file model-v7.cif (mmCIF, C-alpha atoms)
data_final
#
loop_
_atom_site.group_PDB
_atom_site.id
_atom_site.type_symbol
_atom_site.label_atom_id
_atom_site.label_comp_id
_atom_site.auth_asym_id
_atom_site.auth_seq_id
_atom_site.Cartn_x
_atom_site.Cartn_y
_atom_site.Cartn_z
ATOM 1 C CA MET A 1 0.000 0.000 0.000
ATOM 2 C CA ASP A 2 1.212 3.482 -0.799
ATOM 3 C CA VAL A 3 2.513 5.628 2.023
ATOM 4 C CA ASN A 4 0.087 8.392 1.088
ATOM 5 C CA LYS A 5 -2.939 6.049 1.483
ATOM 6 C CA ILE A 6 -1.946 4.608 4.895
ATOM 7 C CA LEU A 7 -3.171 7.637 6.877
ATOM 8 C CA SER A 8 -6.604 7.565 5.204
ATOM 9 C CA ALA A 9 -6.958 3.782 4.926
ATOM 10 C CA ASP A 10 -9.198 1.713 7.156
ATOM 11 C CA ILE A 11 -7.622 -0.547 9.734
ATOM 12 C CA LEU A 12 -9.114 -3.579 7.981
ATOM 13 C CA ASP A 13 -7.574 -2.601 4.697
ATOM 14 C CA ILE A 14 -4.185 -2.333 6.381
ATOM 15 C CA ILE A 15 -4.612 -5.767 8.114
ATOM 16 C CA PHE A 16 -5.853 -7.547 4.990
ATOM 17 C CA GLU A 17 -3.357 -5.840 2.601
ATOM 18 C CA GLY A 18 -2.101 -8.497 0.246
ATOM 19 C CA ARG A 19 -4.492 -11.174 1.568
ATOM 20 C CA ASN A 20 -7.549 -12.863 0.083
ATOM 21 C CA LYS A 21 -10.389 -10.543 0.978
ATOM 22 C CA GLU A 22 -12.896 -12.901 -0.658
ATOM 23 C CA TYR A 23 -12.295 -15.590 2.031
ATOM 24 C CA GLY A 24 -14.998 -14.195 4.324
ATOM 25 C CA ALA A 25 -13.150 -12.937 7.388
ATOM 26 C CA TYR A 26 -12.702 -9.587 5.821
ATOM 27 C CA ASP A 27 -16.375 -9.283 5.004
ATOM 28 C CA LEU A 28 -17.405 -10.358 8.531
ATOM 29 C CA ARG A 29 -15.201 -7.791 10.139
ATOM 30 C CA LYS A 30 -16.292 -5.177 7.665
ATOM 31 C CA THR A 31 -20.007 -5.621 8.419
ATOM 32 C CA TYR A 32 -19.624 -6.241 12.189
ATOM 33 C CA ASN A 33 -20.897 -2.839 13.334
ATOM 34 C CA LYS A 34 -23.889 -3.042 11.013
ATOM 35 C CA ARG A 35 -24.842 -6.462 12.247
ATOM 36 C CA LEU A 36 -24.402 -5.409 15.885
ATOM 37 C CA ALA A 37 -26.663 -2.406 15.417
ATOM 38 C CA THR A 38 -29.275 -4.552 13.678
ATOM 39 C CA ALA A 39 -29.221 -7.065 16.572
ATOM 40 C CA LEU A 40 -29.586 -4.354 19.187
ATOM 41 C CA ILE A 41 -32.487 -2.764 17.355
ATOM 42 C CA ALA A 42 -34.242 -6.138 16.986
ATOM 43 C CA THR A 43 -33.736 -6.962 20.671
ATOM 44 C CA ALA A 44 -35.071 -3.552 21.709
ATOM 45 C CA ALA A 45 -38.081 -3.985 19.435
ATOM 46 C CA LEU A 46 -38.800 -7.447 20.905
ATOM 47 C CA CYS A 47 -38.559 -6.151 24.478
ATOM 48 C CA LEU A 48 -40.838 -3.262 23.586
ATOM 49 C CA LEU A 49 -43.344 -5.632 22.042
ATOM 50 C CA LEU A 50 -43.357 -7.846 25.150
ATOM 51 C CA PHE A 51 -43.780 -4.845 27.407
ATOM 52 C CA VAL A 52 -46.700 -3.511 25.360
ATOM 53 C CA GLY A 53 -48.333 -6.961 25.400
ATOM 54 C CA TYR A 54 -47.946 -7.197 29.173
ATOM 55 C CA ILE A 55 -49.557 -3.764 29.637
ATOM 56 C CA LEU A 56 -52.461 -4.663 27.326
ATOM 57 C CA SER A 57 -53.112 -7.961 29.082
ATOM 58 C CA ASN A 58 -53.216 -6.285 32.508
ATOM 59 C CA THR A 59 -55.510 -3.599 31.185
ATOM 60 C CA LEU A 60 -57.961 -6.126 29.765
ATOM 61 C CA ALA A 61 -57.853 -8.213 32.951
ATOM 62 C CA ASN A 62 -58.606 -5.224 35.176
ATOM 63 C CA GLN A 63 -61.642 -4.171 33.202
ATOM 64 C CA LYS A 64 -64.778 -4.768 35.241
ATOM 65 C CA LYS A 65 -67.587 -6.675 33.707
ATOM 66 C CA GLU A 66 -70.993 -5.173 34.059
ATOM 67 C CA VAL A 67 -73.433 -7.360 35.941
ATOM 68 C CA VAL A 68 -77.038 -6.669 35.252
ATOM 69 C CA VAL A 69 -79.145 -7.231 38.335
ATOM 70 C CA GLN A 70 -82.841 -7.385 37.811
ATOM 71 C CA ASP A 71 -85.187 -6.935 40.690
ATOM 72 C CA VAL A 72 -87.464 -9.912 41.082
ATOM 73 C CA GLN A 73 -90.733 -9.122 42.720
ATOM 74 C CA LEU A 74 -92.204 -11.986 44.657
ATOM 75 C CA GLU A 75 -95.908 -12.403 44.541
ATOM 76 C CA ASP A 76 -97.658 -12.185 47.825
ATOM 77 C CA MET A 77 -98.634 -15.639 49.019
ATOM 78 C CA LYS A 78 -102.023 -15.776 50.530
ATOM 79 C CA THR A 79 -102.056 -18.039 53.541
ATOM 80 C CA GLU A 80 -105.307 -19.520 54.585
ATOM 81 C CA GLU A 81 -106.154 -18.683 58.128
ATOM 82 C CA LYS A 82 -106.875 -21.723 60.242
ATOM 83 C CA LYS A 83 -110.285 -21.661 61.691
ATOM 84 C CA ASN A 84 -110.602 -22.458 65.334
ATOM 85 C CA GLU A 85 -112.668 -25.596 65.235
ATOM 86 C CA PRO A 86 -114.698 -26.312 68.334
ATOM 87 C CA PRO A 87 -113.557 -29.291 70.399
ATOM 88 C CA PRO A 88 -115.427 -32.526 69.880
ATOM 89 C CA PRO A 89 -118.344 -33.059 72.222
ATOM 90 C CA PRO A 90 -117.658 -35.246 75.261
ATOM 91 C CA PRO A 91 -118.743 -38.866 74.980
ATOM 92 C CA PRO A 92 -122.181 -39.572 76.304
ATOM 93 C CA LYS A 93 -122.371 -40.735 79.882
ATOM 94 C CA PRO A 94 -123.184 -44.387 80.339
ATOM 95 C CA PRO A 95 -126.705 -45.026 81.447
ATOM 96 C CA GLU A 96 -127.161 -45.291 85.148
ATOM 97 C CA PRO A 97 -127.812 -48.784 86.452
ATOM 98 C CA PRO A 98 -131.415 -49.436 87.409
ATOM 99 C CA LYS A 99 -132.262 -48.744 90.992
ATOM 100 C CA VAL A 100 -132.847 -51.805 93.100
ATOM 101 C CA GLU A 101 -135.613 -51.851 95.628
ATOM 102 C CA MET A 102 -134.167 -51.404 99.104
ATOM 103 C CA ALA A 103 -135.645 -51.608 102.577
ATOM 104 C CA LYS A 104 -134.297 -49.527 105.423
ATOM 105 C CA PHE A 105 -132.707 -51.490 108.209
ATOM 106 C CA THR A 106 -133.869 -50.386 111.633
ATOM 107 C CA PRO A 107 -131.809 -51.503 114.614
ATOM 108 C CA PRO A 108 -134.077 -53.440 116.952
ATOM 109 C CA LYS A 109 -135.199 -51.710 120.131
ATOM 110 C CA ILE A 110 -137.260 -53.123 122.947
ATOM 111 C CA VAL A 111 -140.154 -50.687 123.441
ATOM 112 C CA LYS A 112 -143.860 -50.854 123.985
ATOM 113 C CA ASP A 113 -146.046 -51.565 120.953
ATOM 114 C CA GLU A 114 -147.868 -48.228 121.171
ATOM 115 C CA GLU A 115 -144.493 -46.357 121.031
ATOM 116 C CA VAL A 116 -143.428 -47.883 117.690
ATOM 117 C CA LYS A 117 -143.810 -45.463 114.732
ATOM 118 C CA GLU A 118 -145.074 -46.651 111.396
ATOM 119 C CA ASP A 119 -141.853 -45.751 109.521
ATOM 120 C CA GLU A 120 -139.731 -47.505 112.111
ATOM 121 C CA LYS A 121 -141.512 -50.851 111.922
ATOM 122 C CA PRO A 122 -139.249 -53.584 110.479
ATOM 123 C CA PRO A 123 -140.308 -54.922 107.088
ATOM 124 C CA GLU A 124 -142.034 -58.278 106.832
ATOM 125 C CA ILE A 125 -139.873 -61.313 106.129
ATOM 126 C CA GLU A 126 -141.735 -62.126 102.885
ATOM 127 C CA LYS A 127 -140.873 -58.705 101.445
ATOM 128 C CA LEU A 128 -137.154 -59.114 102.163
ATOM 129 C CA GLU A 129 -136.732 -62.212 99.984
ATOM 130 C CA ASP A 130 -136.183 -60.152 96.792
ATOM 131 C CA THR A 131 -135.308 -56.805 98.405
ATOM 132 C CA LYS A 132 -131.894 -55.545 99.471
ATOM 133 C CA ILE A 133 -131.260 -54.198 102.937
ATOM 134 C CA GLY A 134 -129.957 -50.643 103.037
ATOM 135 C CA THR A 135 -129.860 -47.450 105.056
ATOM 136 C CA VAL A 136 -132.899 -45.868 103.335
ATOM 137 C CA ASN A 137 -136.113 -47.026 101.767
ATOM 138 C CA GLN A 138 -135.841 -46.944 97.960
ATOM 139 C CA GLU A 139 -138.260 -47.950 95.231
ATOM 140 C CA GLY A 140 -137.007 -49.842 92.217
ATOM 141 C CA ILE A 141 -136.812 -53.202 90.555
ATOM 142 C CA LYS A 142 -136.597 -56.398 92.502
ATOM 143 C CA ASP A 143 -133.161 -57.705 93.424
ATOM 144 C CA GLU A 144 -132.439 -60.445 90.908
ATOM 145 C CA GLY A 145 -128.680 -60.559 91.251
ATOM 146 C CA ILE A 146 -128.043 -57.491 89.082
ATOM 147 C CA VAL A 147 -124.468 -56.297 89.278
ATOM 148 C CA ALA A 148 -123.818 -52.633 88.608
ATOM 149 C CA PRO A 149 -121.350 -51.939 85.767
ATOM 150 C CA PRO A 150 -117.823 -50.796 86.687
ATOM 151 C CA VAL A 151 -117.319 -47.068 86.993
ATOM 152 C CA ASP A 152 -115.552 -45.349 84.076
ATOM 153 C CA ASP A 153 -112.571 -43.225 85.154
ATOM 154 C CA GLY A 154 -113.188 -40.699 82.363
ATOM 155 C CA LYS A 155 -110.331 -41.978 80.171
ATOM 156 C CA GLY A 156 -112.379 -44.512 78.272
ATOM 157 C CA VAL A 157 -110.652 -47.438 79.989
ATOM 158 C CA VAL A 158 -112.547 -49.661 82.365
ATOM 159 C CA GLU A 159 -110.563 -52.218 84.312
ATOM 160 C CA ALA A 160 -111.919 -54.873 86.547
ATOM 161 C CA PRO A 161 -110.248 -55.174 89.928
ATOM 162 C CA LYS A 162 -107.431 -57.684 89.899
ATOM 163 C CA LYS A 163 -107.455 -60.434 92.454
ATOM 164 C CA ASP A 164 -104.253 -61.695 93.958
ATOM 165 C CA GLU A 165 -104.826 -65.438 93.938
ATOM 166 C CA GLU A 166 -101.218 -66.343 94.768
ATOM 167 C CA ASP A 167 -100.778 -68.727 97.688
ATOM 168 C CA TYR A 168 -97.976 -67.159 99.723
ATOM 169 C CA ASP A 169 -97.879 -70.025 102.215
ATOM 170 C CA LYS A 170 -96.543 -72.590 99.747
ATOM 171 C CA THR A 171 -92.888 -73.354 99.101
ATOM 172 C CA PHE A 172 -91.851 -71.501 95.938
ATOM 173 C CA THR A 173 -89.463 -73.026 93.413
ATOM 174 C CA LYS A 174 -89.158 -69.829 91.366
ATOM 175 C CA VAL A 175 -89.193 -66.354 92.880
ATOM 176 C CA GLU A 176 -88.451 -62.798 91.798
ATOM 177 C CA ILE A 177 -85.580 -62.364 94.289
ATOM 178 C CA GLU A 178 -83.885 -65.495 95.611
ATOM 179 C CA SER A 179 -82.898 -65.976 99.207
ATOM 180 C CA ASP A 180 -79.289 -65.154 100.020
ATOM 181 C CA TYR A 181 -76.742 -65.339 102.787
ATOM 182 C CA PRO A 182 -76.751 -62.122 104.874
ATOM 183 C CA GLY A 183 -74.018 -59.829 103.647
ATOM 184 C CA GLY A 184 -73.809 -61.263 100.150
ATOM 185 C CA THR A 185 -71.028 -63.161 98.396
ATOM 186 C CA SER A 186 -68.148 -61.703 100.418
ATOM 187 C CA ALA A 187 -69.782 -62.611 103.741
ATOM 188 C CA TRP A 188 -70.499 -66.141 102.467
ATOM 189 C CA ALA A 189 -66.841 -66.578 101.441
ATOM 190 C CA ARG A 190 -65.656 -65.465 104.871
ATOM 191 C CA TYR A 191 -68.033 -67.912 106.529
ATOM 192 C CA LEU A 192 -66.765 -70.825 104.396
ATOM 193 C CA ASN A 193 -63.124 -69.988 105.102
ATOM 194 C CA LYS A 194 -63.894 -70.016 108.811
ATOM 195 C CA SER A 195 -66.252 -73.002 109.067
ATOM 196 C CA LEU A 196 -65.496 -75.410 106.197
ATOM 197 C CA ARG A 197 -63.438 -78.487 107.169
ATOM 198 C CA TYR A 198 -61.978 -80.569 104.389
ATOM 199 C CA PRO A 199 -62.719 -84.296 105.121
ATOM 200 C CA GLN A 200 -59.549 -86.295 105.776
ATOM 201 C CA GLU A 201 -60.741 -89.156 103.592
ATOM 202 C CA ALA A 202 -61.108 -86.773 100.649
ATOM 203 C CA ILE A 203 -57.641 -85.344 101.329
ATOM 204 C CA ASP A 204 -56.070 -88.813 101.414
ATOM 205 C CA ASN A 205 -57.725 -89.769 98.134
ATOM 206 C CA GLU A 206 -57.143 -86.324 96.591
ATOM 207 C CA ILE A 207 -60.864 -85.817 95.972
ATOM 208 C CA GLN A 208 -62.088 -82.322 95.116
ATOM 209 C CA GLY A 209 -65.066 -80.809 93.345
ATOM 210 C CA THR A 210 -68.316 -78.869 93.818
ATOM 211 C CA VAL A 211 -71.202 -80.040 95.999
ATOM 212 C CA VAL A 212 -74.656 -78.537 95.329
ATOM 213 C CA VAL A 213 -76.807 -78.414 98.464
ATOM 214 C CA GLN A 214 -80.581 -77.910 98.272
ATOM 215 C CA PHE A 215 -82.534 -76.606 101.251
ATOM 216 C CA ILE A 216 -85.586 -74.526 102.193
ATOM 217 C CA VAL A 217 -85.488 -70.971 103.559
ATOM 218 C CA ASP A 218 -88.768 -69.980 105.222
ATOM 219 C CA LYS A 219 -90.268 -66.506 105.660
ATOM 220 C CA GLU A 220 -88.187 -65.895 108.804
ATOM 221 C CA GLY A 221 -84.948 -67.048 107.148
ATOM 222 C CA ASN A 222 -84.709 -70.405 108.928
ATOM 223 C CA VAL A 223 -83.007 -73.256 107.050
ATOM 224 C CA SER A 224 -84.566 -76.739 106.799
ATOM 225 C CA ASP A 225 -84.647 -79.909 104.657
ATOM 226 C CA VAL A 226 -80.932 -79.668 103.845
ATOM 227 C CA GLU A 227 -79.632 -82.286 101.403
ATOM 228 C CA ALA A 228 -76.789 -82.605 98.909
ATOM 229 C CA VAL A 229 -78.092 -83.221 95.382
ATOM 230 C CA SER A 230 -74.781 -83.495 93.478
ATOM 231 C CA GLY A 231 -71.034 -83.724 93.981
ATOM 232 C CA PRO A 232 -68.535 -86.277 95.353
ATOM 233 C CA ASN A 233 -69.989 -88.457 98.115
ATOM 234 C CA GLU A 234 -66.940 -87.934 100.354
ATOM 235 C CA LEU A 235 -67.662 -84.180 100.441
ATOM 236 C CA ARG A 236 -71.453 -84.130 100.776
ATOM 237 C CA ASP A 237 -71.721 -84.552 104.550
ATOM 238 C CA GLU A 238 -69.409 -81.609 105.204
ATOM 239 C CA ALA A 239 -71.358 -79.427 102.759
ATOM 240 C CA VAL A 240 -74.646 -80.285 104.479
ATOM 241 C CA ARG A 241 -73.133 -79.545 107.894
ATOM 242 C CA VAL A 242 -71.895 -76.124 106.772
ATOM 243 C CA ILE A 243 -75.365 -75.164 105.489
ATOM 244 C CA LYS A 244 -77.091 -76.305 108.685
ATOM 245 C CA LYS A 245 -74.672 -74.246 110.807
ATOM 246 C CA SER A 246 -74.973 -71.120 108.632
ATOM 247 C CA GLY A 247 -77.743 -69.534 110.707
ATOM 248 C CA LYS A 248 -80.579 -67.452 109.309
ATOM 249 C CA TRP A 249 -80.671 -66.408 105.664
ATOM 250 C CA THR A 250 -82.396 -63.505 103.935
ATOM 251 C CA PRO A 251 -85.815 -64.818 102.740
ATOM 252 C CA ALA A 252 -86.867 -64.781 99.090
ATOM 253 C CA ILE A 253 -89.187 -62.060 97.760
ATOM 254 C CA GLN A 254 -92.264 -62.647 95.578
ATOM 255 C CA ASN A 255 -94.597 -59.745 94.670
ATOM 256 C CA GLY A 256 -93.037 -57.684 97.450
ATOM 257 C CA ARG A 257 -93.612 -60.320 100.118
ATOM 258 C CA GLN A 258 -91.216 -62.587 101.950
ATOM 259 C CA VAL A 259 -91.969 -66.178 101.019
ATOM 260 C CA LYS A 260 -90.766 -69.691 101.718
ATOM 261 C CA SER A 261 -88.630 -71.048 98.876
ATOM 262 C CA TYR A 262 -86.123 -73.657 97.760
ATOM 263 C CA LYS A 263 -82.469 -72.673 97.529
ATOM 264 C CA LYS A 264 -79.554 -74.405 95.786
ATOM 265 C CA GLN A 265 -76.114 -73.376 97.017
ATOM 266 C CA PRO A 266 -72.877 -74.683 95.448
ATOM 267 C CA ILE A 267 -69.872 -75.293 97.733
ATOM 268 C CA VAL A 268 -66.448 -75.709 96.102
ATOM 269 C CA PHE A 269 -63.834 -78.055 97.634
ATOM 270 C CA ARG A 270 -60.351 -77.544 96.247
ATOM 271 C CA LEU A 271 -57.047 -79.024 97.358
ATOM 272 C CA GLU A 272 -54.076 -76.686 97.481
ATOM 273 C CA THR A 273 -51.169 -78.041 95.421
ATOM 274 C CA GLU A 274 -47.644 -77.470 96.582
ATOM 275 C CA GLY A 275 -45.821 -75.366 94.024
#

call {"tool": "encode", "arguments": {"input": "model-v7.cif", "output": "structure tokens"}}
result
Amino acid sequence: MDVNKILSADILDIIFEGRNKEYGAYDLRKTYNKRLATALIATAALCLLLFVGYILSNTLANQKKEVVVQDVQLEDMKTEEKKNEPPPPPPPKPPEPPKVEMAKFTPPKIVKDEEVKEDEKPPEIEKLEDTKIGTVNQEGIKDEGIVAPPVDDGKGVVEAPKKDEEDYDKTFTKVEIESDYPGGTSAWARYLNKSLRYPQEAIDNEIQGTVVVQFIVDKEGNVSDVEAVSGPNELRDEAVRVIKKSGKWTPAIQNGRQVKSYKKQPIVFRLETEG
């Protein structure tokens, strides 16, 4: 390159002096500033476009939608007023039973005949055969065994009187509340621990088990007719003895009354094993 052109030449021309400028490197360096400016402008335009889109989207989202509210007028409902109905008439009263002819009873007095008043004279025996005796004289039908109907209590329910036909002097086999040892189960256990004696014969033969003793407890709590009904024979006599020596029991209850009843009491015999 000429010396006169060096001062006015471009730096690229100086670098690529005598080289192949058609290779591409020269052209890339030559157009670098142009391409950089184009890239910056495109990037700025893209950022601006995104910013404008963001603003528009927020603006559309913040717009309030109009809601049309229409007043709905409810029609007045006409409610039917309940009429106060009169209460039903009371049921008719049952007819009164027919009056039975009655003759007044006059206590006998020993007076003179002329002192007896007509209304105080006792009725004749023939007239009393079909006439009831009462405190006043009453006209009516003859007494033929008519029974007056039961009185209604006003609730429409008529009940005949109940008769208690239970024989409370018999010995009951089933009762509402059975007889029991005074003090309950704990007192009975203490009594057995104190009074029960294990028969030596049963100990020698290692016999154990439960003996059921049946007996009668009367209204006063006395024990009678004691017998063992089940269990080992070697243990029965001791079980019977313990029941006979147990004293008075609490009687059984039936319909709120103390009654005489049968009682079955189990007694357990158990040998202690040496551990």

call {"tool": "atom_distance", "arguments": {"input": "model-v7.cif", "atom1": "atom CA of A:Asp180", "atom2": "atom CA of A:Glu227"}}
result
17.2 Å

call {"tool": "resolve_selection", "arguments": {"input": "model-v7.cif", "expression": "the PyMOL selection byres ((chain A and resi 229) around 6)", "output": "PyMOL selection string"}}
result
chain A and resi 212-213+228+230

call {"tool": "closest_residue", "arguments": {"input": "model-v7.cif", "among": "A:Asn33, A:Ser195, A:Ser186, A:Thr171", "to": "A:Ala252", "atoms": "all atoms listed in the file"}}
result
A:Thr171

call {"tool": "atom_distance", "arguments": {"input": "model-v7.cif", "atom1": "atom CA of A:Leu235", "atom2": "atom CA of A:Pro182"}}
result
24.3 Å

call {"tool": "atom_distance", "arguments": {"input": "model-v7.cif", "atom1": "atom CA of A:Arg197", "atom2": "atom CA of A:Glu238"}}
result
7.0 Å

call {"tool": "closest_residue", "arguments": {"input": "model-v7.cif", "among": "A:Gln200, A:Phe269, A:Gln258, A:Lys263", "to": "A:Gly231", "atoms": "only C-alpha atoms"}}
result
A:Phe269

call {"tool": "residues_near_point", "arguments": {"input": "model-v7.cif", "point": "(-87.8, -80.0, 104.1)", "cutoff": "12 Å", "atoms": "all atoms listed in the file", "output": "PyMOL selection string"}}
result
chain A and resi 171+214-218+222-227+260-263

call {"tool": "closest_residue", "arguments": {"input": "model-v7.cif", "among": "A:Tyr198, A:Trp188, A:Tyr32, A:Tyr168", "to": "A:Leu271", "atoms": "all atoms listed in the file"}}
result
A:Tyr198

call {"tool": "closest_residue", "arguments": {"input": "model-v7.cif", "among": "A:Leu46, A:Ile55, A:Val268, A:Val259", "to": "A:Asp167", "atoms": "only C-alpha atoms"}}
result
A:Val259

call {"tool": "residues_around", "arguments": {"input": "model-v7.cif", "residues": "A:Pro232", "least_positions_apart": "4", "cutoff": "9 Å", "atoms": "all atoms listed in the file", "output": "MDAnalysis selection string"}}
result
chainID A and resid 207:211 236

call {"tool": "axis_aligned_box", "arguments": {"input": "model-v7.cif", "around": "stretch 261-272 of chain A", "padding_each_side": "5 Å", "output": "JSON"}}
result
{"center_x": -71.4, "center_y": -75.0, "center_z": 97.2, "size_x": 44.6, "size_y": 18.0, "size_z": 13.4}

call {"tool": "resolve_selection", "arguments": {"input": "model-v7.cif", "expression": "the PyMOL selection byres ((chain A and resi 174) around 9)", "output": "PyMOL selection string"}}
result
chain A and resi 172-173+175-178+254+261-262

call {"tool": "closest_residue", "arguments": {"input": "model-v7.cif", "among": "A:Gly247, A:Arg241, A:Gly53, A:Ile203", "to": "A:Thr273", "atoms": "all atoms listed in the file"}}
result
A:Ile203
